[in-house]
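Undergrad: Got a file for you: input-v9.csv, CSV, C-alpha atoms and all ligand atoms.
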```csv
chain,number,residue,atom,x,y,z
A,2,MET,CA,14.9,17.6,2.5
A,3,PRO,CA,14.7,15.2,-0.4
A,4,LEU,CA,16.0,11.7,-0.3
A,5,LYS,CA,19.4,11.1,-1.7
A,6,ILE,CA,19.8,7.9,-3.7
A,7,GLU,CA,23.2,6.5,-4.6
A,8,THR,CA,23.4,3.6,-7.1
A,9,PHE,CA,25.9,0.8,-6.9
A,10,PRO,CA,25.8,-1.6,-9.9
A,11,ALA,CA,27.5,-4.8,-8.7
A,12,GLY,CA,28.1,-8.4,-9.7
A,13,SER,CA,28.0,-10.2,-13.0
A,14,LEU,CA,24.5,-9.0,-13.9
A,15,GLU,CA,25.3,-5.4,-12.8
A,16,THR,CA,22.5,-5.5,-10.3
A,17,ASN,CA,21.8,-2.2,-8.7
A,18,ALA,CA,22.1,-1.9,-5.0
A,19,TYR,CA,20.8,1.5,-3.7
A,20,LEU,CA,21.9,3.5,-0.7
A,21,VAL,CA,18.8,5.6,0.2
A,22,ILE,CA,19.7,8.5,2.5
A,23,ASP,CA,17.9,11.1,4.5
A,24,ASP,CA,20.7,13.5,4.6
A,25,ALA,CA,19.2,15.8,7.2
A,26,MET,CA,19.0,12.9,9.7
A,27,GLY,CA,22.0,11.0,8.6
A,28,ALA,CA,19.9,7.9,8.2
A,29,ALA,CA,20.0,5.4,5.4
A,30,ILE,CA,18.8,2.0,4.1
A,31,VAL,CA,20.4,-0.3,1.6
A,32,ILE,CA,18.2,-1.9,-1.1
A,33,ASP,CA,19.4,-5.3,-2.5
A,34,ALA,CA,22.7,-7.1,-2.1
A,35,PRO,CA,24.5,-8.3,-5.2
A,36,GLU,CA,27.8,-10.1,-4.9
A,37,GLY,CA,30.6,-7.7,-3.9
A,38,ILE,CA,28.3,-5.0,-2.7
A,39,ALA,CA,29.8,-4.8,0.9
A,40,ALA,CA,33.1,-3.5,-0.4
A,41,MET,CA,31.4,-0.9,-2.5
A,42,VAL,CA,28.7,0.5,-0.3
A,43,GLY,CA,30.6,0.2,3.0
A,44,PRO,CA,33.1,3.0,2.2
A,45,ALA,CA,30.2,5.2,1.0
A,46,ILE,CA,28.4,4.7,4.3
A,47,ARG,CA,31.6,5.4,6.3
A,48,ASP,CA,32.4,8.5,4.2
A,49,GLY,CA,28.9,9.9,4.7
A,50,ASP,CA,28.8,8.8,8.4
A,51,TYR,CA,25.3,7.4,7.7
A,52,ARG,CA,23.4,5.4,10.3
A,53,VAL,CA,22.1,2.4,8.3
A,54,GLU,CA,18.8,1.2,9.7
A,55,ARG,CA,18.3,-2.0,7.6
A,56,ILE,CA,18.9,-3.8,4.4
A,57,VAL,CA,15.7,-4.4,2.3
A,58,VAL,CA,15.8,-7.2,-0.3
A,59,THR,CA,13.3,-6.7,-3.2
A,60,HIS,CA,13.2,-10.4,-4.2
A,61,GLY,CA,14.9,-13.7,-3.9
A,62,HIS,CA,16.9,-14.0,-7.2
A,63,TRP,CA,20.5,-14.8,-6.6
A,64,ALA,CA,21.8,-11.6,-8.2
A,65,HIS,CA,20.0,-9.6,-5.5
A,66,ILE,CA,21.1,-11.7,-2.5
A,67,ALA,CA,24.5,-13.1,-3.3
A,68,GLY,CA,26.2,-10.4,-1.3
A,69,LEU,CA,23.7,-10.3,1.5
A,70,ALA,CA,25.5,-12.3,4.2
A,71,ALA,CA,28.7,-10.3,3.8
A,72,LEU,CA,26.8,-7.0,3.7
A,73,ALA,CA,24.7,-7.8,6.8
A,74,ARG,CA,27.7,-8.9,8.7
A,75,GLU,CA,29.6,-5.7,7.7
A,76,LEU,CA,26.8,-3.3,8.5
A,77,ALA,CA,25.4,-5.3,11.5
A,78,VAL,CA,21.8,-4.2,10.7
A,79,PRO,CA,18.6,-6.2,10.3
A,80,VAL,CA,17.6,-7.6,6.9
A,81,ALA,CA,14.0,-7.3,5.8
A,82,ILE,CA,12.4,-9.5,3.2
A,83,HIS,CA,9.0,-10.9,2.0
A,84,PRO,CA,8.1,-14.2,3.6
A,85,LEU,CA,8.2,-15.9,0.2
A,86,VAL,CA,11.9,-15.1,-0.2
A,87,LEU,CA,12.9,-16.4,3.2
A,88,ASP,CA,13.6,-20.0,2.2
A,89,ARG,CA,15.9,-19.0,-0.7
A,90,VAL,CA,17.9,-16.7,1.6
A,91,GLU,CA,18.2,-19.2,4.5
A,92,ARG,CA,18.8,-22.2,2.2
A,93,PRO,CA,20.2,-21.0,-1.1
A,94,ALA,CA,20.2,-23.5,-4.0
A,95,ALA,CA,23.5,-25.1,-4.6
A,96,ASP,CA,23.3,-24.7,-8.4
A,97,LEU,CA,23.3,-20.9,-8.7
A,98,PRO,CA,25.7,-19.1,-11.0
A,99,VAL,CA,27.5,-17.8,-7.9
A,100,ALA,CA,27.8,-19.2,-4.4
A,101,VAL,CA,25.2,-17.6,-2.1
A,102,GLU,CA,26.1,-17.7,1.6
A,103,PRO,CA,23.0,-18.4,3.7
A,104,TRP,CA,21.6,-15.7,6.0
A,105,SER,CA,18.7,-15.5,8.4
A,106,PRO,CA,16.8,-12.3,7.9
A,107,GLU,CA,15.4,-10.8,11.1
A,108,GLU,CA,12.4,-8.9,9.6
A,109,ARG,CA,9.5,-9.6,7.2
A,110,LEU,CA,7.9,-7.1,4.9
A,111,ASP,CA,4.6,-7.4,3.1
A,112,GLU,CA,1.8,-5.3,1.5
A,113,GLY,CA,0.7,-2.6,3.9
A,114,ASP,CA,3.9,-2.4,5.9
A,115,THR,CA,6.1,0.7,6.0
A,116,VAL,CA,9.8,1.3,6.0
A,117,THR,CA,11.2,4.5,7.4
A,118,VAL,CA,14.5,6.2,6.4
A,119,GLY,CA,15.0,9.0,8.8
A,120,GLY,CA,12.0,11.3,8.3
A,121,HIS,CA,10.8,9.5,5.1
A,122,THR,CA,8.2,6.8,5.0
A,123,PHE,CA,8.0,4.2,2.3
A,124,ALA,CA,4.9,2.0,1.7
A,125,VAL,CA,5.7,-1.6,1.0
A,126,LEU,CA,3.8,-3.0,-2.1
A,127,HIS,CA,3.8,-6.7,-2.8
A,128,LEU,CA,4.2,-6.9,-6.6
A,129,PRO,CA,4.5,-10.6,-7.6
A,130,GLY,CA,4.9,-11.6,-11.3
A,131,HIS,CA,8.6,-11.7,-11.7
A,132,ASP,CA,9.1,-13.4,-8.3
A,133,PRO,CA,6.3,-14.5,-5.9
A,134,GLY,CA,8.0,-12.7,-3.0
A,135,HIS,CA,8.7,-9.4,-4.9
A,136,ILE,CA,8.2,-6.2,-2.9
A,137,VAL,CA,8.9,-2.6,-3.9
A,138,LEU,CA,9.1,0.5,-1.7
A,139,HIS,CA,7.1,3.6,-2.6
A,140,ASP,CA,7.5,7.1,-1.1
A,141,PRO,CA,4.5,9.1,-2.5
A,142,SER,CA,5.7,12.4,-1.1
A,143,GLU,CA,9.0,12.1,-3.0
A,144,GLY,CA,7.5,10.2,-6.0
A,145,VAL,CA,10.1,7.5,-5.7
A,146,VAL,CA,9.7,3.7,-6.1
A,147,LEU,CA,12.6,1.4,-5.3
A,148,GLY,CA,11.4,-1.2,-7.7
A,149,GLY,CA,13.6,-4.3,-8.1
A,150,ASP,CA,12.9,-6.2,-11.2
A,151,VAL,CA,9.3,-5.2,-11.8
A,152,LEU,CA,9.5,-2.2,-14.2
A,153,PHE,CA,12.4,-1.1,-16.4
A,154,PRO,CA,12.5,1.6,-19.1
A,155,GLY,CA,10.6,0.0,-22.0
A,156,GLY,CA,9.8,-3.3,-20.3
A,157,HIS,CA,9.1,-5.5,-17.3
A,158,GLY,CA,11.0,-8.1,-15.3
A,159,ARG,CA,11.2,-11.6,-16.9
A,160,THR,CA,8.1,-13.8,-16.6
A,161,ASP,CA,9.6,-16.9,-18.3
A,162,ILE,CA,11.5,-18.2,-15.3
A,163,PRO,CA,10.5,-20.4,-12.3
A,164,GLY,CA,8.1,-18.6,-9.9
A,165,SER,CA,7.1,-16.0,-12.4
A,166,ASP,CA,3.5,-15.3,-13.5
A,167,GLN,CA,2.5,-13.0,-16.4
A,168,VAL,CA,-1.0,-12.5,-15.0
A,169,ALA,CA,0.3,-11.4,-11.6
A,170,MET,CA,2.9,-9.2,-13.4
A,171,ASP,CA,0.2,-7.4,-15.3
A,172,ARG,CA,-1.7,-6.8,-12.1
A,173,SER,CA,1.5,-5.5,-10.5
A,174,LEU,CA,2.3,-3.2,-13.5
A,175,ALA,CA,-1.3,-1.9,-13.3
A,176,ARG,CA,-0.7,-0.9,-9.8
A,177,LEU,CA,2.4,1.0,-10.8
A,178,ALA,CA,0.5,2.6,-13.7
A,179,ALA,CA,-1.9,4.1,-11.1
A,180,LEU,CA,1.0,6.2,-9.7
A,181,PRO,CA,1.6,9.8,-10.9
A,182,ASP,CA,3.5,10.4,-14.1
A,183,ALA,CA,6.4,12.0,-12.3
A,184,THR,CA,7.1,8.9,-10.1
A,185,VAL,CA,10.7,7.7,-10.7
A,186,VAL,CA,11.2,3.9,-10.5
A,187,TYR,CA,14.8,2.8,-9.6
A,188,PRO,CA,15.1,-0.7,-11.0
A,189,GLY,CA,17.3,-3.6,-10.1
A,190,HIS,CA,19.3,-3.3,-13.3
A,191,GLY,CA,20.1,-0.3,-15.5
A,192,ALA,CA,18.7,3.3,-15.5
A,193,PRO,CA,15.6,4.6,-13.8
A,194,ALA,CA,12.2,4.7,-15.4
A,195,THR,CA,9.3,7.2,-14.9
A,196,ILE,CA,5.7,6.1,-14.8
A,197,GLY,CA,4.8,8.9,-17.3
A,198,ALA,CA,7.3,7.6,-19.9
A,199,GLU,CA,6.2,4.0,-19.6
A,200,ARG,CA,2.5,4.6,-19.3
A,201,GLY,CA,1.9,3.9,-23.0
A,202,TRP,CA,2.6,0.2,-22.7
A,203,LEU,CA,1.7,-0.4,-19.0
A,204,PRO,CA,-1.4,-2.5,-18.5
A,205,THR,CA,-4.4,-0.8,-16.8
A,206,GLY,CA,-7.3,-2.3,-15.0
A,207,SER,CA,-8.1,-3.4,-11.5
A,208,GLY,CA,-4.7,-2.4,-10.3
A,209,GLY,CA,-5.7,-1.0,-7.0
A,210,ALA,CA,-6.0,2.3,-5.2
A,211,GLU,CA,-2.5,3.6,-5.1
A,212,ARG,CA,-3.5,7.1,-6.1
B,1,ZN,ZN,15.0,-10.9,-10.5
```
The structure given in the file should be rewritten as structure tokens.
TA:
Amino acid sequence: MPLKIETFPAGSLETNAYLVIDDAMGAAIVIDAPEGIAAMVGPAIRDGDYRVERIVVTHGHWAHIAGLAALARELAVPVAIHPLVLDRVERPAADLPVAVEPWSPEERLDEGDTVTVGGHTFAVLHLPGHDPGHIVLHDPSEGVVLGGDVLFPGGHGRTDIPGSDQVAMDRSLARLAALPDATVVYPGHGAPATIGAERGWLPTGSGGAER
């Protein structure tokens, strides 16, 4: 049975949190935690009677973690992040646009790891460029990428902010460009993209062996 993906734009930057569901098994994960997300995704989880297995944070920018402590408390499930995001979640900066409550994530994810949702398995790709600790989840059998702020329709995540790196971004985009055209990328803001529709501007090169 295909994955079901519900989108919850939340917070002042309309950051997308995703509830990713294996309906057949009643299992789910939550991707990213913008401010206010617990009050939005909580009822959807209860209505669907889903068993949430974990919260996965794509990267450490405040708009993706501001609601993390409240969400983790409400769902009482582990939080999984890349090691390079840990510090910002455990000790959020004091000068962010919204107050971010600290949290101590239980799990680390990095290149080569997998995340399961019921009977589905996502590969973890480490795709720095927008953020050094940026990860995405890729399910090749479904052709789905939960992509955070790497790829958007018509563009990529910002590379003019602290921690960003255009060279790394180009390498990360080249890895996405190696995925099949029909792959759907669910980004951290706005509507999904497909690799086929974006291929025209995506960098190519030594991206790696995703295919
Ligand atoms: Zn970001």
Undergrad: A:Leu76, A:Gly61, A:Ala198, A:Asp88: which is nearest Pro133 in chain A, counting only C-alpha atoms?
TA: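 Looking only at the distances to Pro133 in chain A, the closest residue turns out to be A:Gly61.
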Undergrad: What does the list of residues within 8 Å of ligand ZN 1 (chain B) look like if you count only C-alpha atoms and all ligand atoms, written as number ranges by chain?
TA: A: 60-65, 131-132, 149-150, 158-159, 189
Undergrad: Of the candidates A:Val58, A:Gly37, A:Gly144, A:Val137, which one gets nearest to Ala100 in chain A if we count all atoms listed in the file?
TA: A:Gly37
Undergrad: Report, in Å to a single decimal, how far apart CA of Pro204 in chain A and CA of Leu177 in chain A are.
TA: 9.3 Å
Undergrad: CA of Asp166 in chain A and CA of Val99 in chain A, how far apart in Å?
TA: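 Pair CA of Val99 in chain A / CA of Asp166 in chain A returns 24.8 Å.
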Undergrad: Between CA of Met170 in chain A and CA of Asp111 in chain A, what distance in Å does the model show, to one decimal?
TA: 16.7 Å
Undergrad: Give the answer as one residue: which of A:Arg55, A:Thr16, A:Gly148, A:Thr195 has the shortest atom-to-atom distance to Val116 in chain A, using only C-alpha atoms?
TA: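 When distances to Val116 in chain A are compared using only C-alpha atoms, the smallest one comes from A:Arg55.
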Undergrad: When you count only C-alpha atoms, which of these residues is closest to Pro154 in chain A: A:Arg109, A:His190, A:Lys5, A:Arg176?
TA: A:His190
Undergrad: Which residue is closest to Phe123 in chain A? Choose from A:Val145, A:Asp96, A:Ser105, A:Gly12 and count all atoms listed in the file.
TA: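 Among A:Val145, A:Asp96, A:Ser105, A:Gly12, it is A:Val145 that comes nearest to Phe123 in chain A.
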Undergrad: Of the candidates A:Gly43, A:Pro84, A:Pro141, A:Pro188, which one gets nearest to His127 in chain A if we count all atoms listed in the file?
TA: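 Smallest distance to His127 in chain A is found for A:Pro84.
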Undergrad: When you look at Ile32 in chain A with a cut-off of 9 Å (counting only C-alpha atoms), what residues show up, excluding the ones that are within fewer than 6 positions of it in the same chain? I need them as a ChimeraX atom specification.
TA: /A:17-21,55-59,147,149
Undergrad: Counting only C-alpha atoms, write as a ChimeraX atom specification all protein and nucleic acid residues lying at most 12 Å from (2.0, -13.5, -8.7) in the file's frame.
TA: /A:85,127-136,151,160,163-174
Undergrad: What's around Pro44 in chain A at 12 Å? Count all atoms listed in the file, leave out sequence neighbours fewer than 5 positions away in its own chain, and write the answer as a ChimeraX atom specification.
TA: /A:9,20,38-39,49-51,72,75-76
Undergrad: Which polymer residues, whether protein, DNA or RNA, lie within 8 Å of the coordinate (11.3, 7.6, -7.0) when you count all atoms listed in the file? List them as a VMD selection string, using the chain letters and numbers from the file.
TA: chain A and resid 139 to 140 143 to 147 184 to 187
